[in-house]
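Engineer: So that we are looking at the same thing, I have put the structure below in structure tokens.
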Amino acid sequence: MLKMYTLILVFLLIYWLIQHFRFLRGVTMLSLKSNQNQLPDHIKWLDIRDSSDFEKEQVPESINIYVGRLPFVWEKDLSPKDSVIILTDHYFKGKKAVRILRKQGFHDLYLLVGPVSQLIEWSRKSKLEQYCIEYPWNCNHSVPNKIQ
């Protein structure tokens with residue numbers, strides 16, 4: 001009898017490990033060193049950190065919905081038609097947010113994991129590159145006032 005319980009426990013542990021460490025399908029993993037030109041024109045930035053951390057330091061124009069509240073309040077700021085970059089400092093929280101949004105019908109999801117200060121710099125560069133693509137005659141490779 002003890003062998004059967006041990007065997008069931010081992011299978012549950014293996015199943016849990018596979019679920020938490022498997023690769024996310026259908027989600028574009030972004031790197032802080034990646035090429036930002038691959039992003040869609042209109043994208044929403046979703047910061048899934050706690051609101052107290054969000055208030056201390058945040059990516060401009062990002063939406064803050066803590067990952068624990070995401071299943072209940074996503075409809076307020078997001079639509080399944082939106083392209084969404086999920087900003088997080090922990091991979092597993094980002095993975096959980098991806099699963100939640102995929103269950104709600106989101107298809108164009110990006111996951112960006114890293115320290116907040118680097119995420120802010122990355123998003124600023126991304127917005128500058130997008131601005132230069134849209135308005136090349138007005139781009140002198142410095143950040144326009146409206147992007148800062």
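Please note that chains go A, B, ... in the order of the structure tokens, that every chain numbers its residues from 1, and that ligands are numbered from 1 in the order shown.
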Using DSSP secondary structure from the backbone, list all alpha helix (DSSP H) positions within segment 10-113 of chain A, as a PyMOL selection string.
Structural biologist: chain A and resi 10-21+51-56+70-73+91-103
Engineer: How would the residues just chosen look if you wrote them out with C-alpha atoms as a JSON list (two decimals), in the first residue's frame?
Structural biologist:
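The new file result.json reads:
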[["chain", "number", "residue", "atom", "x", "y", "z"],
["A", 10, "VAL", "CA", 6.05, 10.60, -7.68],
["A", 11, "PHE", "CA", 3.72, 10.82, -10.71],
["A", 12, "LEU", "CA", 2.04, 13.93, -9.29],
["A", 13, "LEU", "CA", 5.42, 15.54, -8.70],
["A", 14, "ILE", "CA", 6.56, 14.74, -12.25],
["A", 15, "TYR", "CA", 3.30, 16.12, -13.65],
["A", 16, "TRP", "CA", 3.70, 19.33, -11.63],
["A", 17, "LEU", "CA", 7.30, 19.76, -12.81],
["A", 18, "ILE", "CA", 6.30, 19.27, -16.45],
["A", 19, "GLN", "CA", 3.46, 21.80, -16.14],
["A", 20, "HIS", "CA", 5.67, 24.47, -14.58],
["A", 21, "PHE", "CA", 8.81, 24.04, -16.63],
["A", 51, "SER", "CA", 0.49, 47.67, -7.19],
["A", 52, "SER", "CA", 2.92, 48.91, -4.50],
["A", 53, "ASP", "CA", 5.87, 47.87, -6.69],
["A", 54, "PHE", "CA", 4.16, 49.41, -9.71],
["A", 55, "GLU", "CA", 3.76, 52.76, -7.91],
["A", 56, "LYS", "CA", 7.47, 52.87, -7.05],
["A", 70, "LEU", "CA", -5.92, 39.16, -13.65],
["A", 71, "PRO", "CA", -8.62, 36.46, -14.10],
["A", 72, "PHE", "CA", -11.22, 38.78, -12.59],
["A", 73, "VAL", "CA", -10.47, 42.31, -13.87],
["A", 91, "TYR", "CA", 9.24, 34.11, -15.30],
["A", 92, "PHE", "CA", 6.68, 31.92, -13.51],
["A", 93, "LYS", "CA", 4.33, 34.85, -12.83],
["A", 94, "GLY", "CA", 4.56, 35.78, -16.50],
["A", 95, "LYS", "CA", 3.82, 32.21, -17.51],
["A", 96, "LYS", "CA", 0.75, 32.19, -15.25],
["A", 97, "ALA", "CA", -0.46, 35.47, -16.80],
["A", 98, "VAL", "CA", -0.01, 34.01, -20.29],
["A", 99, "ARG", "CA", -2.11, 30.97, -19.35],
["A", 100, "ILE", "CA", -4.85, 33.18, -17.91],
["A", 101, "LEU", "CA", -5.03, 35.43, -20.97],
["A", 102, "ARG", "CA", -4.91, 32.50, -23.42],
["A", 103, "LYS", "CA", -7.94, 30.98, -21.66]]
Engineer: Which residues are near Ile48 of chain A? Cut-off 8 Å, only C-alpha atoms, ignore same chain within fewer than 3 positions. Put them as a list in words.
Structural biologist: Asn64, Ile65, Tyr66, Val67, Ile86, Leu87, Thr88, Lys93, Gly94 and Ala97 of chain A
Engineer: What does the file look like for those residues with N, CA and C atoms, as a compact mmCIF listing (two decimals), in the first residue's frame?
Structural biologist:
# COMPACT_ATOMS: atom_id res chain seq x y z
N ASN A 64 -1.44 48.25 -14.95
CA ASN A 64 -1.06 47.38 -13.84
C ASN A 64 -2.25 46.54 -13.41
N ILE A 65 -2.13 45.24 -13.59
CA ILE A 65 -3.10 44.29 -13.04
C ILE A 65 -2.27 43.17 -12.42
N TYR A 66 -2.34 43.06 -11.11
CA TYR A 66 -1.58 42.01 -10.42
C TYR A 66 -2.03 40.64 -10.94
N VAL A 67 -1.10 39.74 -11.10
CA VAL A 67 -1.39 38.43 -11.69
C VAL A 67 -2.49 37.68 -10.92
N ILE A 86 3.45 41.33 -21.77
CA ILE A 86 3.36 41.10 -20.33
C ILE A 86 4.73 41.38 -19.73
N LEU A 87 4.77 42.38 -18.85
CA LEU A 87 6.01 42.79 -18.19
C LEU A 87 6.07 42.18 -16.80
N THR A 88 7.14 41.50 -16.50
CA THR A 88 7.27 40.89 -15.18
C THR A 88 8.73 40.74 -14.81
N LYS A 93 5.51 33.97 -12.87
CA LYS A 93 4.33 34.85 -12.83
C LYS A 93 3.90 35.21 -14.24
N GLY A 94 4.87 35.48 -15.11
CA GLY A 94 4.56 35.78 -16.50
C GLY A 94 3.90 34.61 -17.19
N ALA A 97 0.32 34.44 -16.12
CA ALA A 97 -0.46 35.47 -16.80
C ALA A 97 -0.77 35.07 -18.24
Engineer: Kindly give the distance, in Å, that separates atom CA of Val84 of chain A and atom CA of Ile43 of chain A, rounded to a single decimal.
Structural biologist: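 Between atom CA of Val84 of chain A and atom CA of Ile43 of chain A the gap is 5.6 Å.
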Engineer: Pick from A:His42, A:His90, A:Arg49, A:Lys76: nearest to Gly114 of chain A, with only C-alpha atoms counted?
Structural biologist: A:His90
Engineer: Could you tell me, as a list of chain:residue names, which residues of segment 21-119 of chain A DSSP assigns to strand (DSSP E) when given the backbone?
Structural biologist: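 Taking segment 21-119 of chain A and keeping strand (DSSP E) gives A:Val27, A:Thr28, A:Met29, A:Leu30, A:Ile43, A:Lys44, A:Trp45, A:Leu46, A:Asp47, A:Ser62, A:Ile63, A:Asn64, A:Ser83, A:Val84, A:Ile85, A:Ile86, A:Leu87, A:Thr88, A:Leu109, A:Tyr110, A:Leu111, A:Leu112, A:Val113.
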Engineer: Between A:Met1, A:Leu9, A:Ile85, A:Leu32, which has the minimum distance to Gln118 of chain A (counting only C-alpha atoms)?
Structural biologist: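 Among the listed residues, the smallest separation from Gln118 of chain A belongs to A:Leu32.
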Engineer: For Val27 of chain A, which residue out of A:Ser83, A:Gln104, A:Ser117, A:Ser123 is the nearest one, using only C-alpha atoms?
Structural biologist: A:Ser83
Engineer: I'd like the contact shell of Ser62 of chain A - 8 Å cut-off, only C-alpha atoms, skipping same-chain residues fewer than 3 positions apart - returned as a PyMOL selection string.
Structural biologist: chain A and resi 44-47+58-59
Engineer: Kindly indicate which residue among A:Pro40, A:Asp77, A:Arg124, A:Met29 lies nearest to Tyr110 of chain A, using only C-alpha atoms for the distances.
Structural biologist: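 When distances to Tyr110 of chain A are compared using only C-alpha atoms, the smallest one comes from A:Met29.
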Engineer: If you measure from atom CA of Pro80 of chain A to atom CA of Pro115 of chain A, what distance in Å do you get, rounded to one decimal?
Structural biologist: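 Taking atom CA of Pro80 of chain A as the start and atom CA of Pro115 of chain A as the end point, the length is 26.9 Å.
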Engineer: Which value, in Å to one decimal, gives the distance between atom CA of Val113 of chain A and atom CA of Gly68 of chain A?
Structural biologist: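 Taking atom CA of Val113 of chain A and atom CA of Gly68 of chain A, their separation equals 17.5 Å.
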